[in-house]
Structures are given as structure tokens and as C-alpha cells.
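Colleague: Take a look at the following structure, please.
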Amino acid sequence: MSGWWISEYAGQFGPAFVVSWLFWVIFSIVLHELSHGWAALALGDDTPRVSGHMTWNPLVHMGTFSLILLALVGIAWGAMPVNTGRLRGRFGDAKVSAAGPAMNLLLAVVSLACCVAWVIVADRMNVREPLWSNMARFFWIGAFLNIVLAMFNLIPAPPLDGSRILASLVPGYGRIFESPNGQWFGLGIFLLVFWLAADLLFAVGMIASLTGINLALTTFGHQTFDPFP
């Protein structure tokens with residue numbers, strides 16, 4: 001199993017870290033996709049409901065292959081069927097596409113607030129290890145992963161939400177990928193962005209989440225939080 005990401009993370013940070021990571025990836029992707037569905041339904045398209053995708057079942061949103069890759073290499077994705085032709089309003093596709101990253105930002109804020117509340121309350125109640133650290137890391141992972149997911153999905157490269165938002169606002173951008181070789185061009189951009197930006201996005205997510213948590217803690221007169229002391 002040498003090189004398997006779960007064995008490496010469990011060995012370095014403990015099983016609770018891996019369980020928290022898997023939970024937040026799956027939970028965040030499911031809510032991300034459901035947000036697309038809720039927005040589509042609100043704008044007049046019932047495709048998400050008719051197709052059976054308005055469910056909390058991760059298998060429906062992510063598929064078996066995505067979940068297998070999550071376990072093997074830590075990469076996963078989801079999908080929500082939407083018929084853009086049924087959406088009301090000029091920028092309906094942009095609104096539906098933006099709903100997913102918006103949900104990730106909301107989850108990040110909620111997780112950040114829960115982390116701050118847990119650290120303060122747990123210290124006052126003298127909660128012992130490993131529960132103190134495991135819960136604090138659980139909420140921190142939720143905050144930083146959702147910041148990463150929001151930023152990643154807003155990149156304007158197909159099939160990410162950012163490309164659909166930009167194509168809805170600037171039709172000429174969308175027509176680039178409708179050409180005979182457009183899909184391959186889009187895939188090339190996506191792979192290039194993924195290769196070059198992945199490490200940067202994770203670094204920004206970690207820094208932003210810890211900065212927000214520790215800023216809130218110091219505001220309440222509490223010592224800062226370090227997920228890896």
C-alpha cells in the first residue's frame with residue numbers, strides 16, 4: 001500500500017483526519033450538486049427532480065467511479081443534470097452554476113464558525129485529547145476544503161462552473177468550446193489548470209481558513225489554533 005494517500009495521511013495525521021477528509025469531500029460535493037438542482041428548480045427547470053438527482057445519495061451525484069477514485073487517489077467529482085433551455089431569465093445558467101460554489105463558501109463559513117466555537121467551548125469545559133484536536137481538525141478541514149472547492153469550481157475552464165458562468169455572461173467565450181475541437185481544447189485547459197493550480201489552491205485554502213479561525217479566536221481573547229502542533 002506504499003504511496004496510497006489514505007495510508008499516508010492516516011500514518012501522518014491519524015485515522016480521524018482521513019475520516020474527516022472523506023466526510024467533507026463527499027458531503028460538500030453532494031451539497032454543491034444539490035445547490036445546482038435547487039437553483040434550477042427555482043428558475044423553472046425540473047430536470048434535476050425528474051432525473052432523480054434531488055437526493056442525498058452520494059452514488060447518484062458522484063457515481064461509483066468517482067467514489068473509487070476518491071478512495072484510491074483522493075480525487076472526486078459530481079454532476080447535476082440541468083436543461084439550460086428551460087431556465088428563466090437571461091443569466092439563468094450563470095445563476096445555476098454559481099449556486100454550487102456559493103454553497104461551498106457557505107459551508108466554509110459555517111465550518112469556520114463551528115471550529116472557533118468548539119475551540120473556545122471545549123477549552124472552557126476542559127475537553128481532553130484526542131477529542132479536542134479531532135473535533136477542531138474536523139471543522140477546520142470542512143472550512144479549508146470548501147474554500148478550495150469554491151475557488152477551483154470558479155476557474156473558467158470546462159467543465160467547471162466558472163466556465164459556464166463566463167459563457168453565460170460572455171456568449172463568445174462559450175462558442176469557443178462548441179467548435180469541433182472545442183471539447184479537446186477545454187479539456188486541455190482544464191488539465192493545465194489542474195496541474196498548475198492545485199497546490200496553490202490548497203495552500204490558499206489552508207492559509208485563508210487558519211487566518212479566519214485565528215483572527216476570530218484572538219478577537220475573543222483566545223489563543224490561536226494550530227491543526228498540526
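Residue names in the C-alpha cells use chain letters A, B, ... in the order shown, residue numbers from 1 in each chain, and ligand numbers from 1 in the order shown.
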Quick one: residues within 8 Å of Thr84 of chain A, only C-alpha atoms, excluding same-chain residues fewer than 2 positions away - as a PyMOL selection string?

Modeller: chain A and resi 45+82+86-87+92-93

Colleague: Next, the residues of the selection above should be written as a PDB file, in the first residue's frame with N, CA and C atoms.

Modeller:
```pdb
ATOM      1  N   ASP A  45     -36.621  24.827 -14.238  1.00  0.00           N
ATOM      2  CA  ASP A  45     -36.209  23.561 -14.859  1.00  0.00           C
ATOM      3  C   ASP A  45     -36.371  22.423 -13.860  1.00  0.00           C
ATOM      4  N   VAL A  82     -28.995  19.488 -15.837  1.00  0.00           N
ATOM      5  CA  VAL A  82     -29.806  20.696 -15.940  1.00  0.00           C
ATOM      6  C   VAL A  82     -30.051  20.983 -17.409  1.00  0.00           C
ATOM      7  N   ARG A  86     -34.600  25.517 -20.372  1.00  0.00           N
ATOM      8  CA  ARG A  86     -35.817  25.716 -19.588  1.00  0.00           C
ATOM      9  C   ARG A  86     -35.664  26.779 -18.504  1.00  0.00           C
ATOM     10  N   LEU A  87     -34.475  27.283 -18.319  1.00  0.00           N
ATOM     11  CA  LEU A  87     -34.229  28.241 -17.243  1.00  0.00           C
ATOM     12  C   LEU A  87     -34.791  29.612 -17.592  1.00  0.00           C
ATOM     13  N   GLY A  92     -29.806  32.709 -16.497  1.00  0.00           N
ATOM     14  CA  GLY A  92     -30.211  31.566 -15.689  1.00  0.00           C
ATOM     15  C   GLY A  92     -29.096  30.556 -15.494  1.00  0.00           C
ATOM     16  N   ASP A  93     -28.346  30.259 -16.565  1.00  0.00           N
ATOM     17  CA  ASP A  93     -27.261  29.284 -16.464  1.00  0.00           C
ATOM     18  C   ASP A  93     -26.182  29.772 -15.508  1.00  0.00           C
TER      19      ASP A  93
END
```

Colleague: For segment 72-81 of chain A, work out the shell of residues within 7 Å, counting only C-alpha atoms and skipping chain neighbours fewer than 4 positions away, then give it as a list in words.

Modeller: Trp4, Trp5, Ile29, Glu33, His36, Gly37, Thr47, Pro48, His53, His61, Met62, Ser66, Leu67 and Ile68 of chain A

Colleague: List the neighbours of segment 149-157 of chain A out to 7 Å using only C-alpha atoms; skip same-chain residues closer than 6 positions along the sequence, and give me the result as a VMD selection string.

Modeller: chain A and resid 101 104 to 105 163 166 186 189 to 190

Colleague: Rank nothing, just name the residue among A:Met103, A:Leu145, A:Leu196, A:Ile120 nearest to Thr219 of chain A, using only C-alpha atoms.

Modeller: A:Ile120

Colleague: Segment 66-208 of chain A: which residues are helix (DSSP H, G or I) by DSSP, as a short mmCIF file (atom, residue, chain, number, x, y, z; two decimals) with N, CA and C atoms, in the first residue's frame?

Modeller:
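states03.cif was written with the following content:
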```cif
data_model
loop_
_atom_site.label_atom_id
_atom_site.label_comp_id
_atom_site.auth_asym_id
_atom_site.auth_seq_id
_atom_site.Cartn_x
_atom_site.Cartn_y
_atom_site.Cartn_z
N SER A 66 -16.23 7.75 -9.37
CA SER A 66 -15.73 8.91 -8.63
C SER A 66 -15.40 8.54 -7.19
N LEU A 67 -16.27 7.75 -6.57
CA LEU A 67 -16.04 7.35 -5.18
C LEU A 67 -14.83 6.41 -5.08
N ILE A 68 -14.64 5.55 -6.08
CA ILE A 68 -13.48 4.66 -6.09
C ILE A 68 -12.20 5.47 -6.21
N LEU A 69 -12.19 6.46 -7.10
CA LEU A 69 -11.00 7.31 -7.26
C LEU A 69 -10.74 8.12 -6.00
N LEU A 70 -11.80 8.52 -5.30
CA LEU A 70 -11.62 9.23 -4.03
C LEU A 70 -10.87 8.36 -3.04
N ALA A 71 -11.25 7.09 -2.99
CA ALA A 71 -10.58 6.17 -2.06
C ALA A 71 -9.15 5.85 -2.50
N LEU A 72 -8.92 5.80 -3.82
CA LEU A 72 -7.61 5.40 -4.32
C LEU A 72 -6.61 6.55 -4.39
N VAL A 73 -7.05 7.70 -4.91
CA VAL A 73 -6.10 8.81 -5.13
C VAL A 73 -6.56 10.12 -4.52
N THR A 84 -30.58 23.85 -19.64
CA THR A 84 -30.46 25.31 -19.62
C THR A 84 -31.53 26.00 -20.45
N GLY A 85 -32.10 25.28 -21.44
CA GLY A 85 -33.14 25.87 -22.28
C GLY A 85 -34.43 26.14 -21.52
N ARG A 86 -34.60 25.52 -20.37
CA ARG A 86 -35.82 25.72 -19.59
C ARG A 86 -35.66 26.78 -18.50
N GLY A 92 -29.81 32.71 -16.50
CA GLY A 92 -30.21 31.57 -15.69
C GLY A 92 -29.10 30.56 -15.49
N ASP A 93 -28.35 30.26 -16.56
CA ASP A 93 -27.26 29.28 -16.46
C ASP A 93 -26.18 29.77 -15.51
N ALA A 94 -25.88 31.06 -15.55
CA ALA A 94 -24.88 31.62 -14.63
C ALA A 94 -25.33 31.49 -13.18
N LYS A 95 -26.61 31.73 -12.93
CA LYS A 95 -27.13 31.64 -11.56
C LYS A 95 -27.08 30.21 -11.05
N VAL A 96 -27.48 29.27 -11.91
CA VAL A 96 -27.45 27.86 -11.51
C VAL A 96 -26.01 27.41 -11.27
N SER A 97 -25.11 27.82 -12.14
CA SER A 97 -23.70 27.43 -12.00
C SER A 97 -23.08 28.03 -10.75
N ALA A 98 -23.44 29.27 -10.44
CA ALA A 98 -22.85 29.95 -9.28
C ALA A 98 -23.37 29.40 -7.96
N ALA A 99 -24.52 28.70 -8.00
CA ALA A 99 -25.11 28.19 -6.76
C ALA A 99 -24.20 27.17 -6.07
N GLY A 100 -23.47 26.37 -6.86
CA GLY A 100 -22.59 25.35 -6.28
C GLY A 100 -21.45 25.96 -5.48
N PRO A 101 -20.62 26.81 -6.10
CA PRO A 101 -19.54 27.46 -5.35
C PRO A 101 -20.06 28.30 -4.18
N ALA A 102 -21.24 28.91 -4.35
CA ALA A 102 -21.81 29.70 -3.25
C ALA A 102 -22.10 28.80 -2.04
N MET A 103 -22.59 27.59 -2.31
CA MET A 103 -22.82 26.65 -1.21
C MET A 103 -21.51 26.27 -0.54
N ASN A 104 -20.45 26.06 -1.32
CA ASN A 104 -19.15 25.74 -0.73
C ASN A 104 -18.66 26.87 0.16
N LEU A 105 -18.85 28.11 -0.25
CA LEU A 105 -18.44 29.25 0.58
C LEU A 105 -19.26 29.31 1.86
N LEU A 106 -20.55 28.99 1.76
CA LEU A 106 -21.40 28.96 2.95
C LEU A 106 -20.94 27.88 3.91
N LEU A 107 -20.65 26.70 3.37
CA LEU A 107 -20.15 25.60 4.21
C LEU A 107 -18.83 25.97 4.87
N ALA A 108 -17.97 26.70 4.14
CA ALA A 108 -16.69 27.12 4.70
C ALA A 108 -16.90 28.06 5.88
N VAL A 109 -17.82 29.01 5.74
CA VAL A 109 -18.09 29.97 6.81
C VAL A 109 -18.68 29.26 8.03
N VAL A 110 -19.63 28.36 7.79
CA VAL A 110 -20.25 27.61 8.89
C VAL A 110 -19.21 26.75 9.60
N SER A 111 -18.36 26.06 8.84
CA SER A 111 -17.32 25.22 9.43
C SER A 111 -16.34 26.05 10.24
N LEU A 112 -15.96 27.21 9.70
CA LEU A 112 -15.04 28.10 10.40
C LEU A 112 -15.65 28.54 11.74
N ALA A 113 -16.92 28.94 11.70
CA ALA A 113 -17.58 29.38 12.93
C ALA A 113 -17.68 28.24 13.94
N CYS A 114 -17.96 27.02 13.45
CA CYS A 114 -18.05 25.86 14.35
C CYS A 114 -16.70 25.54 14.96
N CYS A 115 -15.62 25.70 14.18
CA CYS A 115 -14.28 25.44 14.70
C CYS A 115 -13.95 26.41 15.82
N VAL A 116 -14.24 27.69 15.60
CA VAL A 116 -13.97 28.71 16.62
C VAL A 116 -14.79 28.42 17.88
N ALA A 117 -16.08 28.13 17.69
CA ALA A 117 -16.95 27.85 18.84
C ALA A 117 -16.47 26.62 19.60
N TRP A 118 -16.08 25.57 18.86
CA TRP A 118 -15.62 24.35 19.52
C TRP A 118 -14.36 24.60 20.35
N VAL A 119 -13.38 25.28 19.79
CA VAL A 119 -12.13 25.52 20.49
C VAL A 119 -12.38 26.29 21.79
N ILE A 120 -13.21 27.31 21.73
CA ILE A 120 -13.48 28.13 22.92
C ILE A 120 -14.25 27.33 23.96
N VAL A 121 -15.35 26.68 23.52
CA VAL A 121 -16.19 25.94 24.47
C VAL A 121 -15.46 24.72 25.03
N ALA A 122 -14.74 24.00 24.16
CA ALA A 122 -14.03 22.80 24.62
C ALA A 122 -12.96 23.15 25.64
N ASP A 123 -12.28 24.27 25.46
CA ASP A 123 -11.27 24.68 26.44
C ASP A 123 -11.91 25.04 27.78
N ARG A 124 -13.04 25.71 27.73
CA ARG A 124 -13.73 26.08 28.97
C ARG A 124 -14.26 24.85 29.69
N LEU A 131 -10.19 13.98 21.66
CA LEU A 131 -11.44 14.56 21.19
C LEU A 131 -11.28 16.03 20.83
N TRP A 132 -10.52 16.78 21.64
CA TRP A 132 -10.35 18.21 21.39
C TRP A 132 -9.76 18.45 19.99
N SER A 133 -8.66 17.80 19.71
CA SER A 133 -7.98 18.01 18.42
C SER A 133 -8.78 17.44 17.25
N ASN A 134 -9.37 16.26 17.45
CA ASN A 134 -10.11 15.63 16.36
C ASN A 134 -11.29 16.48 15.90
N MET A 135 -12.02 17.05 16.86
CA MET A 135 -13.16 17.88 16.50
C MET A 135 -12.72 19.20 15.88
N ALA A 136 -11.68 19.80 16.44
CA ALA A 136 -11.18 21.06 15.89
C ALA A 136 -10.69 20.86 14.46
N ARG A 137 -9.96 19.78 14.22
CA ARG A 137 -9.49 19.50 12.87
C ARG A 137 -10.64 19.17 11.93
N PHE A 138 -11.66 18.49 12.44
CA PHE A 138 -12.82 18.16 11.63
C PHE A 138 -13.45 19.43 11.05
N PHE A 139 -13.69 20.42 11.88
CA PHE A 139 -14.30 21.67 11.41
C PHE A 139 -13.33 22.47 10.54
N TRP A 140 -12.04 22.43 10.89
CA TRP A 140 -11.05 23.15 10.07
C TRP A 140 -10.96 22.54 8.67
N ILE A 141 -10.96 21.23 8.57
CA ILE A 141 -10.93 20.56 7.27
C ILE A 141 -12.15 20.96 6.45
N GLY A 142 -13.32 21.03 7.09
CA GLY A 142 -14.52 21.46 6.39
C GLY A 142 -14.38 22.87 5.85
N ALA A 143 -13.76 23.76 6.61
CA ALA A 143 -13.58 25.14 6.17
C ALA A 143 -12.61 25.22 5.01
N PHE A 144 -11.44 24.60 5.15
CA PHE A 144 -10.42 24.78 4.12
C PHE A 144 -10.75 24.02 2.83
N LEU A 145 -11.35 22.84 2.94
CA LEU A 145 -11.71 22.09 1.73
C LEU A 145 -12.79 22.81 0.93
N ASN A 146 -13.73 23.43 1.61
CA ASN A 146 -14.79 24.13 0.89
C ASN A 146 -14.30 25.43 0.27
N ILE A 147 -13.31 26.07 0.88
CA ILE A 147 -12.68 27.22 0.24
C ILE A 147 -12.00 26.77 -1.05
N VAL A 148 -11.29 25.64 -0.97
CA VAL A 148 -10.61 25.11 -2.16
C VAL A 148 -11.63 24.75 -3.24
N LEU A 149 -12.72 24.07 -2.87
CA LEU A 149 -13.73 23.66 -3.84
C LEU A 149 -14.38 24.87 -4.51
N ALA A 150 -14.64 25.92 -3.72
CA ALA A 150 -15.25 27.13 -4.29
C ALA A 150 -14.32 27.78 -5.29
N MET A 151 -13.05 27.95 -4.92
CA MET A 151 -12.09 28.59 -5.82
C MET A 151 -11.88 27.75 -7.07
N PHE A 152 -11.74 26.45 -6.89
CA PHE A 152 -11.48 25.56 -8.02
C PHE A 152 -12.62 25.59 -9.03
N ASN A 153 -13.85 25.52 -8.51
CA ASN A 153 -15.00 25.48 -9.41
C ASN A 153 -15.27 26.80 -10.10
N ASP A 161 -17.69 25.15 -13.07
CA ASP A 161 -18.78 26.12 -13.04
C ASP A 161 -18.36 27.48 -13.56
N GLY A 162 -17.11 27.85 -13.33
CA GLY A 162 -16.64 29.16 -13.77
C GLY A 162 -16.77 29.34 -15.27
N SER A 163 -16.56 28.27 -16.03
CA SER A 163 -16.67 28.39 -17.48
C SER A 163 -18.11 28.61 -17.91
N ARG A 164 -19.06 27.98 -17.21
CA ARG A 164 -20.47 28.16 -17.54
C ARG A 164 -20.95 29.56 -17.15
N ILE A 165 -20.44 30.05 -16.03
CA ILE A 165 -20.80 31.41 -15.62
C ILE A 165 -20.29 32.42 -16.64
N LEU A 166 -19.03 32.28 -17.04
CA LEU A 166 -18.45 33.20 -18.00
C LEU A 166 -19.12 33.08 -19.37
N ALA A 167 -19.43 31.85 -19.79
CA ALA A 167 -20.09 31.64 -21.08
C ALA A 167 -21.49 32.24 -21.10
N SER A 168 -22.16 32.22 -19.93
CA SER A 168 -23.48 32.81 -19.85
C SER A 168 -23.42 34.33 -19.93
N LEU A 169 -22.38 34.90 -19.35
CA LEU A 169 -22.22 36.35 -19.36
C LEU A 169 -21.59 36.85 -20.65
N PRO A 171 -21.26 35.26 -24.26
CA PRO A 171 -21.58 34.14 -25.17
C PRO A 171 -20.42 33.74 -26.08
N GLY A 172 -19.61 34.68 -26.48
CA GLY A 172 -18.49 34.36 -27.35
C GLY A 172 -17.52 33.38 -26.73
N TYR A 173 -17.37 33.47 -25.41
CA TYR A 173 -16.48 32.54 -24.71
C TYR A 173 -17.02 31.11 -24.80
N GLY A 174 -18.33 30.98 -24.65
CA GLY A 174 -18.93 29.65 -24.74
C GLY A 174 -18.83 29.04 -26.11
N ARG A 175 -18.91 29.88 -27.15
CA ARG A 175 -18.85 29.36 -28.52
C ARG A 175 -17.49 28.77 -28.87
N ILE A 176 -16.46 29.18 -28.13
CA ILE A 176 -15.12 28.63 -28.37
C ILE A 176 -15.13 27.12 -28.17
N GLY A 182 -13.52 21.96 -29.85
CA GLY A 182 -13.69 22.75 -28.64
C GLY A 182 -13.58 21.95 -27.36
N GLN A 183 -14.14 20.72 -27.36
CA GLN A 183 -14.10 19.89 -26.15
C GLN A 183 -12.66 19.51 -25.79
N TRP A 184 -11.86 19.21 -26.81
CA TRP A 184 -10.47 18.86 -26.54
C TRP A 184 -9.69 20.07 -26.04
N PHE A 185 -10.02 21.23 -26.59
CA PHE A 185 -9.39 22.48 -26.15
C PHE A 185 -9.73 22.75 -24.69
N GLY A 186 -11.01 22.57 -24.37
CA GLY A 186 -11.45 22.77 -22.99
C GLY A 186 -10.80 21.78 -22.04
N LEU A 187 -10.69 20.52 -22.46
CA LEU A 187 -10.06 19.51 -21.62
C LEU A 187 -8.59 19.86 -21.38
N GLY A 188 -7.92 20.36 -22.43
CA GLY A 188 -6.52 20.74 -22.27
C GLY A 188 -6.35 21.87 -21.27
N ILE A 189 -7.24 22.86 -21.33
CA ILE A 189 -7.18 23.98 -20.38
C ILE A 189 -7.41 23.47 -18.96
N PHE A 190 -8.41 22.59 -18.83
CA PHE A 190 -8.73 22.05 -17.50
C PHE A 190 -7.54 21.30 -16.90
N LEU A 191 -6.93 20.42 -17.68
CA LEU A 191 -5.80 19.63 -17.19
C LEU A 191 -4.62 20.54 -16.85
N LEU A 192 -4.40 21.57 -17.67
CA LEU A 192 -3.31 22.50 -17.41
C LEU A 192 -3.54 23.27 -16.11
N VAL A 193 -4.77 23.74 -15.94
CA VAL A 193 -5.11 24.48 -14.72
C VAL A 193 -5.00 23.58 -13.50
N PHE A 194 -5.51 22.35 -13.63
CA PHE A 194 -5.47 21.41 -12.51
C PHE A 194 -4.02 21.11 -12.12
N TRP A 195 -3.17 20.93 -13.11
CA TRP A 195 -1.77 20.60 -12.85
C TRP A 195 -1.03 21.76 -12.20
N LEU A 196 -1.31 22.97 -12.66
CA LEU A 196 -0.55 24.13 -12.20
C LEU A 196 -1.13 24.77 -10.94
N ALA A 197 -2.46 24.70 -10.77
CA ALA A 197 -3.09 25.47 -9.71
C ALA A 197 -3.48 24.66 -8.48
N ALA A 198 -3.45 23.33 -8.56
CA ALA A 198 -3.94 22.52 -7.43
C ALA A 198 -3.21 22.82 -6.13
N ASP A 199 -1.88 22.79 -6.17
CA ASP A 199 -1.11 23.04 -4.95
C ASP A 199 -1.34 24.46 -4.43
N LEU A 200 -1.44 25.43 -5.33
CA LEU A 200 -1.67 26.81 -4.93
C LEU A 200 -3.03 26.96 -4.25
N LEU A 201 -4.06 26.33 -4.82
CA LEU A 201 -5.40 26.43 -4.25
C LEU A 201 -5.45 25.83 -2.85
N PHE A 202 -4.78 24.70 -2.65
CA PHE A 202 -4.77 24.08 -1.33
C PHE A 202 -4.02 24.96 -0.34
N ALA A 203 -2.93 25.58 -0.78
CA ALA A 203 -2.18 26.46 0.10
C ALA A 203 -3.02 27.67 0.50
N VAL A 204 -3.70 28.27 -0.48
CA VAL A 204 -4.55 29.42 -0.20
C VAL A 204 -5.70 29.03 0.72
N GLY A 205 -6.31 27.86 0.49
CA GLY A 205 -7.40 27.41 1.33
C GLY A 205 -6.97 27.21 2.77
N MET A 206 -5.81 26.59 2.96
CA MET A 206 -5.31 26.37 4.32
C MET A 206 -5.01 27.69 5.02
N ILE A 207 -4.31 28.59 4.31
CA ILE A 207 -3.95 29.88 4.91
C ILE A 207 -5.18 30.71 5.23
N ALA A 208 -6.13 30.76 4.27
CA ALA A 208 -7.34 31.56 4.48
C ALA A 208 -8.17 31.03 5.65
#
```

Colleague: One decimal, Å: what's the distance from atom CA of Leu34 of chain A over to atom CA of Trp56 of chain A, could you say?

Modeller: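 Spanning atom CA of Leu34 of chain A to atom CA of Trp56 of chain A is a straight-line distance of 8.0 Å.
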